[in-house]
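input_30.cif (mmCIF, C-alpha atoms and all ligand atoms)
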```
data_final
#
loop_
_atom_site.label_atom_id
_atom_site.label_comp_id
_atom_site.auth_asym_id
_atom_site.auth_seq_id
_atom_site.Cartn_x
_atom_site.Cartn_y
_atom_site.Cartn_z
CA MET I 325 9.17 17.51 -14.28
CA GLU I 326 7.29 20.04 -12.21
CA LEU I 327 7.00 20.12 -8.40
CA ILE I 328 3.51 21.27 -7.35
CA LYS I 329 2.77 22.35 -3.80
CA GLU I 330 -0.57 24.11 -4.35
CA ILE I 331 -3.65 21.88 -4.55
CA LYS I 332 -5.46 24.41 -6.80
CA THR I 333 -2.55 24.40 -9.27
CA MET I 334 -2.73 20.61 -9.52
CA GLN I 335 -6.48 20.75 -10.13
CA LYS I 336 -6.06 23.37 -12.85
CA ILE I 337 -3.45 21.26 -14.64
CA SER I 338 -5.66 18.14 -14.40
CA ARG I 339 -8.59 20.00 -15.96
CA GLU I 340 -6.40 21.29 -18.78
CA LYS I 341 -5.07 17.79 -19.48
CA ALA I 342 -8.66 16.49 -19.63
CA VAL I 343 -9.53 19.13 -22.24
CA GLU I 344 -6.45 18.05 -24.21
CA LYS I 345 -7.80 14.44 -23.96
CA LYS I 346 -4.63 13.26 -22.19
CA THR I 347 -4.86 10.27 -19.85
CA ILE I 348 -3.47 10.78 -16.37
CA GLY I 349 -1.78 7.96 -14.43
CA PHE I 350 -1.34 8.53 -10.70
CA VAL I 351 0.97 6.95 -8.12
CA PRO I 352 0.17 8.05 -4.55
CA THR I 353 3.13 7.60 -2.18
CA MET I 354 4.42 8.69 1.20
CA GLY I 355 7.87 9.24 -0.30
CA TYR I 356 11.20 7.64 0.61
CA LEU I 357 10.81 5.78 -2.65
CA HIS I 358 12.15 2.31 -3.30
CA GLU I 359 12.22 -0.01 -6.30
CA GLY I 360 8.60 -1.07 -5.60
CA HIS I 361 7.30 2.50 -5.99
CA LEU I 362 9.43 2.98 -9.08
CA LYS I 363 7.86 -0.09 -10.73
CA LEU I 364 4.42 1.52 -10.20
CA VAL I 365 5.77 4.73 -11.74
CA GLU I 366 7.20 2.87 -14.74
CA ASN I 367 3.85 1.17 -15.35
CA SER I 368 2.05 4.50 -15.16
CA VAL I 369 4.47 6.20 -17.54
CA LYS I 370 4.04 3.32 -19.99
CA GLU I 371 0.24 3.27 -19.87
CA ASN I 372 -0.71 6.99 -19.70
CA ASP I 373 0.07 10.29 -21.43
CA ILE I 374 0.84 12.07 -18.15
CA THR I 375 2.10 10.66 -14.83
CA VAL I 376 1.57 12.37 -11.49
CA VAL I 377 3.25 11.08 -8.30
CA SER I 378 2.22 12.44 -4.91
CA VAL I 379 4.59 12.54 -1.94
CA PHE I 380 2.63 13.11 1.24
CA VAL I 381 3.13 11.50 4.65
CA ASN I 382 -0.50 11.35 5.70
CA PRO I 383 -0.96 11.97 9.44
CA THR I 384 -4.54 10.60 9.59
CA GLN I 385 -3.45 7.04 8.79
CA PHE I 386 -0.98 6.83 11.70
CA GLY I 387 -2.06 5.87 15.22
CA PRO I 388 -0.96 8.06 18.17
CA GLU I 389 1.78 5.57 19.12
CA GLU I 390 2.98 5.03 15.54
CA ASP I 391 5.93 6.40 13.55
CA TYR I 392 4.41 9.50 11.84
CA GLY I 393 7.12 11.79 13.23
CA GLU I 394 9.97 9.41 12.42
CA TYR I 395 8.64 8.15 9.07
CA PRO I 396 11.64 8.43 6.70
CA ARG I 397 11.61 11.47 4.40
CA ASP I 398 14.03 12.54 1.64
CA LEU I 399 12.31 14.71 -0.98
CA GLU I 400 15.45 15.64 -2.94
CA ARG I 401 16.36 12.00 -3.47
CA ASP I 402 12.74 11.16 -4.40
CA LEU I 403 12.67 13.98 -6.97
CA ASP I 404 15.91 12.76 -8.59
CA LEU I 405 14.51 9.23 -8.88
CA LEU I 406 11.22 10.46 -10.37
CA ARG I 407 12.94 12.81 -12.82
CA GLU I 408 14.98 9.85 -14.12
CA ARG I 409 11.69 7.94 -14.72
CA ASN I 410 10.14 10.76 -16.80
CA VAL I 411 7.41 11.67 -14.34
CA ASP I 412 5.55 14.84 -15.37
CA TYR I 413 4.32 16.22 -12.04
CA VAL I 414 5.11 15.62 -8.37
CA LEU I 415 2.37 16.75 -6.02
CA TYR I 416 3.81 17.71 -2.62
CA PRO I 417 1.07 19.42 -0.62
CA ALA I 418 1.53 20.85 2.88
CA VAL I 419 -0.26 19.10 5.77
CA GLU I 420 -1.99 22.42 6.71
CA ASP I 421 -3.45 22.68 3.19
CA VAL I 422 -4.67 19.07 3.10
CA TYR I 423 -6.16 19.20 6.60
CA PRO I 424 -6.82 22.90 7.36
CA GLU I 425 -8.31 24.19 10.63
CA GLY I 426 -11.89 23.00 10.86
CA TYR I 427 -11.40 19.94 8.64
CA ALA I 428 -14.28 17.50 9.31
CA THR I 429 -14.82 14.98 6.48
CA TYR I 430 -13.68 11.35 6.35
CA VAL I 431 -14.29 8.46 3.96
CA GLN I 432 -14.85 5.11 5.61
CA VAL I 433 -15.25 1.70 3.96
CA GLU I 434 -17.36 -0.49 6.24
CA LYS I 435 -16.14 -3.89 5.12
CA GLY I 436 -12.73 -5.44 5.70
CA THR I 437 -11.33 -2.46 7.59
CA ASP I 438 -11.51 -3.92 11.13
CA VAL I 439 -9.67 -7.18 10.32
CA LEU I 440 -5.98 -8.00 9.65
CA CYS I 441 -4.08 -4.67 9.88
CA GLY I 442 -7.32 -2.90 10.88
CA ARG I 443 -7.46 -4.84 14.15
CA SER I 444 -4.19 -3.45 15.50
CA ARG I 445 -4.45 -0.12 13.60
CA PRO I 446 -8.08 0.93 14.28
CA ASN I 447 -8.30 4.19 12.25
CA HIS I 448 -5.63 3.39 9.71
CA PHE I 449 -7.86 2.57 6.73
CA LYS I 450 -10.20 5.49 7.41
CA GLY I 451 -7.12 7.71 7.07
CA VAL I 452 -6.03 5.91 3.89
CA THR I 453 -9.41 6.07 2.12
CA THR I 454 -9.81 9.72 3.13
CA ILE I 455 -6.44 10.80 1.76
CA VAL I 456 -6.72 8.67 -1.37
CA SER I 457 -10.17 10.20 -2.13
CA LYS I 458 -8.76 13.67 -1.58
CA LEU I 459 -5.73 12.98 -3.80
CA PHE I 460 -8.04 11.57 -6.50
CA ASN I 461 -10.00 14.86 -6.36
CA MET I 462 -6.77 16.83 -6.71
CA VAL I 463 -5.25 14.79 -9.56
CA LYS I 464 -8.40 13.45 -11.35
CA PRO I 465 -6.56 10.39 -12.67
CA HIS I 466 -7.79 7.83 -15.20
CA ARG I 467 -5.66 5.12 -13.58
CA ALA I 468 -4.12 4.82 -10.11
CA TYR I 469 -1.35 2.38 -9.22
CA PHE I 470 -0.88 0.60 -5.88
CA GLY I 471 1.51 -2.09 -4.65
CA GLN I 472 0.18 -5.56 -3.95
CA LYS I 473 2.34 -5.61 -0.80
CA ASP I 474 -0.36 -3.50 0.85
CA GLY I 475 -2.94 -6.06 -0.27
CA GLN I 476 -5.66 -5.14 2.22
CA GLN I 477 -5.21 -1.45 1.38
CA PHE I 478 -5.63 -2.18 -2.33
CA LEU I 479 -8.79 -4.26 -1.82
CA ILE I 480 -10.33 -1.57 0.42
CA ILE I 481 -9.51 1.18 -2.09
CA ARG I 482 -11.04 -0.92 -4.88
CA GLN I 483 -14.20 -1.30 -2.78
CA MET I 484 -14.31 2.48 -2.21
CA VAL I 485 -13.82 3.25 -5.91
CA ASP I 486 -16.63 0.83 -6.87
CA ASP I 487 -19.00 1.93 -4.10
CA LEU I 488 -18.54 5.66 -4.74
CA ASN I 489 -18.64 5.33 -8.56
CA MET I 490 -15.23 6.90 -8.91
CA ASP I 491 -14.39 6.73 -12.59
CA ILE I 492 -10.85 5.50 -11.99
CA GLU I 493 -9.15 2.23 -12.87
CA VAL I 494 -7.21 0.99 -9.84
CA VAL I 495 -4.24 -1.21 -10.73
CA ALA I 496 -2.39 -3.56 -8.35
CA CYS I 497 1.27 -4.19 -9.24
CA PRO I 498 3.31 -7.18 -7.99
CA THR I 499 5.39 -6.76 -4.82
CA ALA I 500 9.04 -5.85 -5.43
CA ARG I 501 11.42 -7.91 -3.31
CA GLU I 502 14.96 -7.61 -2.05
CA GLU I 503 17.42 -10.45 -2.43
CA GLY I 504 16.23 -13.26 -0.17
CA GLY I 505 12.57 -12.35 -0.74
CA LEU I 506 11.97 -9.55 1.81
CA ALA I 507 9.15 -7.33 0.47
CA MET I 508 10.44 -3.82 -0.26
CA SER I 509 9.16 -1.23 2.20
CA SER I 510 10.31 2.21 3.28
CA ARG I 511 10.32 0.80 6.82
CA ASN I 512 13.04 -1.78 5.96
CA LYS I 513 15.41 1.12 6.64
CA TYR I 514 14.77 0.64 10.37
CA LEU I 515 16.10 -2.97 10.36
CA SER I 516 19.55 -3.90 11.70
CA PRO I 517 21.47 -6.49 9.59
CA GLN I 518 20.40 -9.18 12.07
CA GLU I 519 16.75 -8.11 11.92
CA ARG I 520 16.86 -7.99 8.12
CA GLU I 521 17.91 -11.67 8.18
CA ALA I 522 15.16 -12.50 10.70
CA ALA I 523 12.55 -10.66 8.57
CA LEU I 524 12.97 -13.27 5.83
CA VAL I 525 10.81 -15.57 7.97
CA ILE I 526 7.74 -13.64 6.75
CA ASN I 527 8.05 -14.41 3.06
CA ARG I 528 9.46 -17.87 3.77
CA THR I 529 6.32 -18.69 5.76
CA LEU I 530 4.03 -17.29 3.03
CA GLN I 531 5.80 -19.44 0.45
CA LYS I 532 5.34 -22.52 2.66
CA ALA I 533 1.63 -21.76 3.08
CA LYS I 534 1.27 -21.34 -0.68
CA LYS I 535 2.95 -24.73 -1.18
CA TRP I 536 0.68 -26.42 1.41
CA ILE I 537 -2.37 -25.11 -0.44
CA GLU I 538 -0.97 -26.09 -3.82
CA GLU I 539 -0.39 -29.59 -2.44
CA GLY I 540 -4.07 -29.84 -1.55
CA GLU I 541 -4.55 -28.46 2.00
CA ARG I 542 -7.91 -26.64 2.15
CA ASP I 543 -8.27 -26.11 5.91
CA GLY I 544 -7.64 -22.39 6.54
CA TRP I 545 -7.35 -22.81 10.32
CA GLU I 546 -4.72 -25.53 9.92
CA ILE I 547 -2.64 -23.29 7.61
CA LYS I 548 -3.05 -20.40 10.04
CA LYS I 549 -1.82 -22.54 12.95
CA LYS I 550 1.20 -23.77 11.00
CA MET I 551 2.10 -20.22 9.86
CA GLU I 552 1.85 -18.92 13.45
CA ARG I 553 4.18 -21.68 14.58
CA GLU I 554 6.77 -20.72 11.91
CA ILE I 555 6.75 -17.02 12.86
CA ARG I 556 6.87 -17.71 16.60
CA ALA I 557 9.95 -19.90 16.07
CA GLU I 558 11.90 -16.79 15.00
CA PRO I 559 13.22 -15.17 18.22
CA LEU I 560 13.31 -11.60 16.78
CA ALA I 561 9.73 -11.79 15.45
CA THR I 562 6.51 -10.93 17.30
CA LEU I 563 3.45 -12.10 15.42
CA ASP I 564 0.56 -9.68 14.78
CA TYR I 565 -1.44 -12.00 12.48
CA ALA I 566 -1.09 -14.82 9.98
CA SER I 567 -4.32 -15.37 8.04
CA VAL I 568 -5.88 -16.88 4.95
CA VAL I 569 -8.66 -14.56 3.76
CA SER I 570 -11.05 -14.15 0.87
CA ARG I 571 -10.01 -11.31 -1.46
CA GLU I 572 -13.69 -10.43 -1.78
CA SER I 573 -14.76 -10.17 1.88
CA LEU I 574 -11.33 -10.03 3.57
CA GLN I 575 -12.74 -12.50 6.12
CA GLU I 576 -10.71 -15.50 7.29
CA LEU I 577 -11.56 -18.75 5.57
CA GLY I 578 -12.17 -22.13 7.20
CA GLU I 579 -12.44 -23.72 3.77
CA ILE I 580 -9.94 -22.31 1.31
CA LYS I 581 -11.60 -21.55 -2.03
CA GLY I 582 -11.76 -18.80 -4.66
CA PRO I 583 -9.57 -15.71 -4.89
CA ILE I 584 -7.61 -15.70 -1.62
CA MET I 585 -4.86 -13.74 0.08
CA ILE I 586 -2.44 -15.31 2.56
CA ALA I 587 -1.27 -12.42 4.74
CA ILE I 588 1.20 -11.94 7.58
CA ALA I 589 2.03 -8.97 9.80
CA ALA I 590 4.83 -9.20 12.35
CA PHE I 591 7.12 -6.96 14.31
CA ILE I 592 10.78 -7.65 13.68
CA GLY I 593 12.36 -5.95 16.67
CA SER I 594 10.23 -2.80 16.83
CA THR I 595 9.53 -2.56 13.07
CA ARG I 596 6.11 -3.71 11.88
CA LEU I 597 6.29 -5.46 8.50
CA ILE I 598 3.54 -6.90 6.29
CA ASP I 599 3.53 -9.16 3.26
CA ASN I 600 1.06 -11.35 1.37
CA VAL I 601 0.56 -13.80 -1.48
CA TRP I 602 -2.49 -14.00 -3.77
CA LEU I 603 -3.83 -17.32 -5.09
CA GLU I 604 -6.83 -18.52 -7.09
CA VAL I 605 -8.00 -21.77 -5.48
CA LYS I 606 -10.43 -24.08 -7.34
O1 LIG S 1 0.57 3.02 0.52
C1 LIG S 1 0.89 4.17 0.90
O2 LIG S 1 2.06 4.60 0.79
C2 LIG S 1 -0.17 5.06 1.52
O3 LIG S 1 -1.04 4.34 2.32
C3 LIG S 1 -0.94 5.91 0.49
C4 LIG S 1 -1.75 5.04 -0.47
C5 LIG S 1 0.03 6.77 -0.29
C6 LIG S 1 -1.92 6.83 1.21
O4 LIG S 1 -1.26 7.71 2.08
#
```

Could you take the file, read its structure, and then write that structure out as structure tokens?
Ligand code: PAF
Amino acid sequence: MELIKEIKTMQKISREKAVEKKTIGFVPTMGYLHEGHLKLVENSVKENDITVVSVFVNPTQFGPEEDYGEYPRDLERDLDLLRERNVDYVLYPAVEDVYPEGYATYVQVEKGTDVLCGRSRPNHFKGVTTIVSKLFNMVKPHRAYFGQKDGQQFLIIRQMVDDLNMDIEVVACPTAREEGGLAMSSRNKYLSPQEREAALVINRTLQKAKKWIEEGERDGWEIKKKMEREIRAEPLATLDYASVVSRESLQELGEIKGPIMIAIAAFIGSTRLIDNVWLEVK
């Protein structure tokens, strides 16, 4: 496994691999890897000749009051985990090389980015689509792997890839969960034992909503109200949103139908957590 810090070196390798007709699988990450990331890596290694993982904590997707400075980092541990999974290259660019003096270009998807997480994190998805486009240009992958836990992120990236004719297959992989059902996230590290217990309310509520729909409820506003009540009943939780949205438009649904996502974001103490469930409703 090779650690690559220079963007040009990565691009040279990608071109050489293309000439050799090797397929490249890519897993973009912000590091501090957990089992969820490693599942994406395993899928990539299985489905491609070469796997590249990037580790880059992207400043443009954090708001001024958010945890960019404190975001957990442990490169040595990440490298050990990736080496064990037979990753070929780890791209670890410097912030100054990704966003040099005078940097002025952003990629913005204009649908579904101002709802759900976009409402409380106004420039977040612009930062995500910008860095993901840039990483795609560095790595030139055939396939890129994302976690379904960041469901809105995945759907926005898919929109960008389609709209900009990027010749890349984007793959969503199921959310990895801890015992009890808490979605794995690098931010779970911030939770005290008591908060970790309280955080289970998120997945528990999603599972209830899924059951209500499976039992025949089709009123999106009714489900939303009931989910909000569940989250508010947990003293350590502060609700950001609980919504039933279309996976095509990301808009909230009055009548539940088609490919949908039930999504929740809540602060547990001061840690913001998200989770979601996907359903096909006839
Ligand atoms: O999901 C993440 O970890 C990040 O948003 C991503 C896709 C690596 C872009 O920085």

Item to complete: Name the closest residue to ligand LIG 1 (chain S) among the candidates I:Glu519, I:Glu366, I:Asp599, I:Asp474; distances are taken between atoms, counting all atoms listed in the file.
Response: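 Result for the nearest residue to ligand LIG 1 (chain S): I:Asp474.
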
Residues of chain I that approach ligand LIG 1 (chain S) to 9 Å or less, counting all atoms listed in the file: could you list each one with the shortest pair of atoms and its distance in Å to one decimal, rows by chain and increasing residue number, as CSV?
```
residue,atom,partner,partner_atom,distance
I:Val351,CA,S:LIG1,C5,7.9
I:Pro352,CA,S:LIG1,C5,4.5
I:Thr353,CA,S:LIG1,C5,3.7
I:Met354,CA,S:LIG1,O2,4.7
I:Gly355,CA,S:LIG1,O2,7.5
I:His361,CA,S:LIG1,O2,8.8
I:Ser378,CA,S:LIG1,C5,7.6
I:Val379,CA,S:LIG1,C5,7.5
I:Phe380,CA,S:LIG1,O4,6.7
I:Val381,CA,S:LIG1,O4,6.3
I:Asn382,CA,S:LIG1,O4,5.2
I:Pro383,CA,S:LIG1,O4,8.5
I:Thr384,CA,S:LIG1,O4,8.7
I:Gln385,CA,S:LIG1,O4,7.1
I:His448,CA,S:LIG1,O3,8.8
I:Phe449,CA,S:LIG1,O3,8.3
I:Gly451,CA,S:LIG1,O4,7.7
I:Val452,CA,S:LIG1,C6,5.0
I:Thr453,CA,S:LIG1,C6,7.6
I:Thr454,CA,S:LIG1,C6,8.6
I:Ile455,CA,S:LIG1,O4,6.0
I:Val456,CA,S:LIG1,C6,5.8
I:Leu459,CA,S:LIG1,C6,8.8
I:Phe470,CA,S:LIG1,O1,7.0
I:Gly471,CA,S:LIG1,O1,7.3
I:Lys473,CA,S:LIG1,O1,8.9
I:Asp474,CA,S:LIG1,O1,6.6
I:Gln477,CA,S:LIG1,O3,7.2
I:Phe478,CA,S:LIG1,C4,8.4
I:Ile481,CA,S:LIG1,C4,8.8
I:Ser510,CA,S:LIG1,O2,8.9
```

Discussion item. To one decimal place in Å, what is the distance between CA of Gly349 (chain I) and CA of Thr375 (chain I)?
Written reply: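 Computing the Euclidean distance for CA of Gly349 (chain I) and CA of Thr375 (chain I) yields 4.7 Å.
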
Discussion item. Quick one: residues within 9 Å of Ile331 (chain I), only C-alpha atoms, excluding same-chain residues fewer than 3 positions away - as number ranges by chain?
Written reply: I: 328, 334-336, 415-417, 421-422, 462-463

Worksheet item: CA of Val525 (chain I) and CA of Ala587 (chain I) are how many Å apart?
Response: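 For CA of Val525 (chain I) relative to CA of Ala587 (chain I), the distance reads 12.9 Å.
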
Worksheet entry | Å distance separating CA of Gln432 (chain I) from CA of Tyr395 (chain I), one decimal place | 23.9 Å

Item to complete: Compile the contact shell of Met490 (chain I) as a list in words: residues with an atom at most 12 Å away, counting only C-alpha atoms, same-chain residues fewer than 5 positions apart removed.
Response: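 In the requested form, the answer reads Val456, Ser457, Lys458, Phe460, Asn461, Lys464, Pro465, His466, Arg467, Ala468, Ile481, Arg482, Gln483, Met484 and Val485 of chain I.
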
Worksheet item: Of the candidates I:Thr595, I:Thr562, I:Asn447, I:Gln476, which shows the shortest atom-to-atom distance to Arg520 (chain I), using only C-alpha atoms?
Response: I:Thr595

All residues 9 Å or closer to region 511-516 of chain I, all atoms listed in the file, same chain fewer than 5 positions away omitted, as a tab-separated table (two decimals) with C-alpha atoms, in the frame of the given file:
```
chain	number	residue	atom	x	y	z
I	395	TYR	CA	8.64	8.15	9.07
I	396	PRO	CA	11.64	8.43	6.70
I	506	LEU	CA	11.97	-9.55	1.81
I	521	GLU	CA	17.91	-11.67	8.18
I	523	ALA	CA	12.55	-10.66	8.57
I	592	ILE	CA	10.78	-7.65	13.68
I	593	GLY	CA	12.36	-5.95	16.67
I	594	SER	CA	10.23	-2.80	16.83
I	595	THR	CA	9.53	-2.56	13.07
I	596	ARG	CA	6.11	-3.71	11.88
I	597	LEU	CA	6.29	-5.46	8.50
```

Discussion item. Considering only C-alpha atoms, can you say which of I:Pro559, I:Gly387, I:Pro583, I:Gly578 comes closest to Lys450 (chain I)?
Written reply: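 Looking only at the distances to Lys450 (chain I), the closest residue turns out to be I:Gly387.
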
Would you kindly place N, CA and C atoms on region 360-389 of chain I and return the model as a PDB file, keeping the file's coordinate frame?
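The resulting file, rebuild_23.pdb, is reproduced below:
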```pdb
ATOM      1  N   GLY I 360      10.016  -0.720  -5.468  1.00  0.00           N
ATOM      2  CA  GLY I 360       8.600  -1.070  -5.600  1.00  0.00           C
ATOM      3  C   GLY I 360       7.790   0.117  -6.118  1.00  0.00           C
ATOM      4  N   HIS I 361       7.995   1.301  -5.510  1.00  0.00           N
ATOM      5  CA  HIS I 361       7.300   2.500  -5.990  1.00  0.00           C
ATOM      6  C   HIS I 361       7.671   2.782  -7.457  1.00  0.00           C
ATOM      7  N   LEU I 362       8.961   2.598  -7.748  1.00  0.00           N
ATOM      8  CA  LEU I 362       9.430   2.980  -9.080  1.00  0.00           C
ATOM      9  C   LEU I 362       8.848   2.069 -10.164  1.00  0.00           C
ATOM     10  N   LYS I 363       8.551   0.825  -9.789  1.00  0.00           N
ATOM     11  CA  LYS I 363       7.860  -0.090 -10.730  1.00  0.00           C
ATOM     12  C   LYS I 363       6.455   0.458 -11.029  1.00  0.00           C
ATOM     13  N   LEU I 364       5.766   0.951  -9.992  1.00  0.00           N
ATOM     14  CA  LEU I 364       4.420   1.520 -10.200  1.00  0.00           C
ATOM     15  C   LEU I 364       4.531   2.715 -11.150  1.00  0.00           C
ATOM     16  N   VAL I 365       5.556   3.531 -10.909  1.00  0.00           N
ATOM     17  CA  VAL I 365       5.770   4.730 -11.740  1.00  0.00           C
ATOM     18  C   VAL I 365       6.032   4.320 -13.191  1.00  0.00           C
ATOM     19  N   GLU I 366       6.883   3.316 -13.369  1.00  0.00           N
ATOM     20  CA  GLU I 366       7.200   2.870 -14.740  1.00  0.00           C
ATOM     21  C   GLU I 366       5.943   2.392 -15.451  1.00  0.00           C
ATOM     22  N   ASN I 367       5.106   1.629 -14.733  1.00  0.00           N
ATOM     23  CA  ASN I 367       3.850   1.170 -15.350  1.00  0.00           C
ATOM     24  C   ASN I 367       2.974   2.352 -15.741  1.00  0.00           C
ATOM     25  N   SER I 368       2.882   3.339 -14.861  1.00  0.00           N
ATOM     26  CA  SER I 368       2.050   4.500 -15.160  1.00  0.00           C
ATOM     27  C   SER I 368       2.569   5.259 -16.379  1.00  0.00           C
ATOM     28  N   VAL I 369       3.877   5.457 -16.420  1.00  0.00           N
ATOM     29  CA  VAL I 369       4.470   6.200 -17.540  1.00  0.00           C
ATOM     30  C   VAL I 369       4.204   5.462 -18.857  1.00  0.00           C
ATOM     31  N   LYS I 370       4.266   4.137 -18.793  1.00  0.00           N
ATOM     32  CA  LYS I 370       4.040   3.320 -19.990  1.00  0.00           C
ATOM     33  C   LYS I 370       2.584   3.413 -20.464  1.00  0.00           C
ATOM     34  N   GLU I 371       1.643   3.453 -19.511  1.00  0.00           N
ATOM     35  CA  GLU I 371       0.240   3.270 -19.870  1.00  0.00           C
ATOM     36  C   GLU I 371      -0.569   4.571 -19.980  1.00  0.00           C
ATOM     37  N   ASN I 372       0.050   5.717 -19.705  1.00  0.00           N
ATOM     38  CA  ASN I 372      -0.710   6.990 -19.700  1.00  0.00           C
ATOM     39  C   ASN I 372       0.084   8.090 -20.384  1.00  0.00           C
ATOM     40  N   ASP I 373      -0.622   9.164 -20.796  1.00  0.00           N
ATOM     41  CA  ASP I 373       0.070  10.290 -21.430  1.00  0.00           C
ATOM     42  C   ASP I 373       0.860  11.096 -20.400  1.00  0.00           C
ATOM     43  N   ILE I 374       0.257  11.229 -19.201  1.00  0.00           N
ATOM     44  CA  ILE I 374       0.840  12.070 -18.150  1.00  0.00           C
ATOM     45  C   ILE I 374       0.937  11.224 -16.879  1.00  0.00           C
ATOM     46  N   THR I 375       2.029  11.346 -16.136  1.00  0.00           N
ATOM     47  CA  THR I 375       2.100  10.660 -14.830  1.00  0.00           C
ATOM     48  C   THR I 375       2.311  11.676 -13.712  1.00  0.00           C
ATOM     49  N   VAL I 376       1.456  11.547 -12.689  1.00  0.00           N
ATOM     50  CA  VAL I 376       1.570  12.370 -11.490  1.00  0.00           C
ATOM     51  C   VAL I 376       1.913  11.442 -10.327  1.00  0.00           C
ATOM     52  N   VAL I 377       2.914  11.820  -9.529  1.00  0.00           N
ATOM     53  CA  VAL I 377       3.250  11.080  -8.300  1.00  0.00           C
ATOM     54  C   VAL I 377       3.034  12.038  -7.136  1.00  0.00           C
ATOM     55  N   SER I 378       2.330  11.584  -6.095  1.00  0.00           N
ATOM     56  CA  SER I 378       2.220  12.440  -4.910  1.00  0.00           C
ATOM     57  C   SER I 378       3.171  11.931  -3.837  1.00  0.00           C
ATOM     58  N   VAL I 379       3.748  12.860  -3.103  1.00  0.00           N
ATOM     59  CA  VAL I 379       4.590  12.540  -1.940  1.00  0.00           C
ATOM     60  C   VAL I 379       3.957  13.277  -0.770  1.00  0.00           C
ATOM     61  N   PHE I 380       3.327  12.489   0.114  1.00  0.00           N
ATOM     62  CA  PHE I 380       2.630  13.110   1.240  1.00  0.00           C
ATOM     63  C   PHE I 380       2.550  12.091   2.375  1.00  0.00           C
ATOM     64  N   VAL I 381       3.211  12.384   3.481  1.00  0.00           N
ATOM     65  CA  VAL I 381       3.130  11.500   4.650  1.00  0.00           C
ATOM     66  C   VAL I 381       1.852  11.892   5.381  1.00  0.00           C
ATOM     67  N   ASN I 382       0.860  11.006   5.291  1.00  0.00           N
ATOM     68  CA  ASN I 382      -0.500  11.350   5.700  1.00  0.00           C
ATOM     69  C   ASN I 382      -0.734  11.109   7.193  1.00  0.00           C
ATOM     70  N   PRO I 383      -0.866  12.179   7.985  1.00  0.00           N
ATOM     71  CA  PRO I 383      -0.960  11.970   9.440  1.00  0.00           C
ATOM     72  C   PRO I 383      -2.191  11.176   9.867  1.00  0.00           C
ATOM     73  N   THR I 384      -3.299  11.242   9.106  1.00  0.00           N
ATOM     74  CA  THR I 384      -4.540  10.600   9.590  1.00  0.00           C
ATOM     75  C   THR I 384      -4.505   9.077   9.503  1.00  0.00           C
ATOM     76  N   GLN I 385      -3.491   8.507   8.850  1.00  0.00           N
ATOM     77  CA  GLN I 385      -3.450   7.040   8.790  1.00  0.00           C
ATOM     78  C   GLN I 385      -2.483   6.442   9.816  1.00  0.00           C
ATOM     79  N   PHE I 386      -1.883   7.304  10.645  1.00  0.00           N
ATOM     80  CA  PHE I 386      -0.980   6.830  11.700  1.00  0.00           C
ATOM     81  C   PHE I 386      -1.702   6.884  13.035  1.00  0.00           C
ATOM     82  N   GLY I 387      -1.515   5.848  13.868  1.00  0.00           N
ATOM     83  CA  GLY I 387      -2.060   5.870  15.220  1.00  0.00           C
ATOM     84  C   GLY I 387      -1.192   6.764  16.104  1.00  0.00           C
ATOM     85  N   PRO I 388      -1.709   7.149  17.290  1.00  0.00           N
ATOM     86  CA  PRO I 388      -0.960   8.060  18.170  1.00  0.00           C
ATOM     87  C   PRO I 388       0.398   7.507  18.614  1.00  0.00           C
ATOM     88  N   GLU I 389       0.510   6.173  18.682  1.00  0.00           N
ATOM     89  CA  GLU I 389       1.780   5.570  19.120  1.00  0.00           C
ATOM     90  C   GLU I 389       2.668   5.190  17.936  1.00  0.00           C
TER      91      GLU I 389
END
```
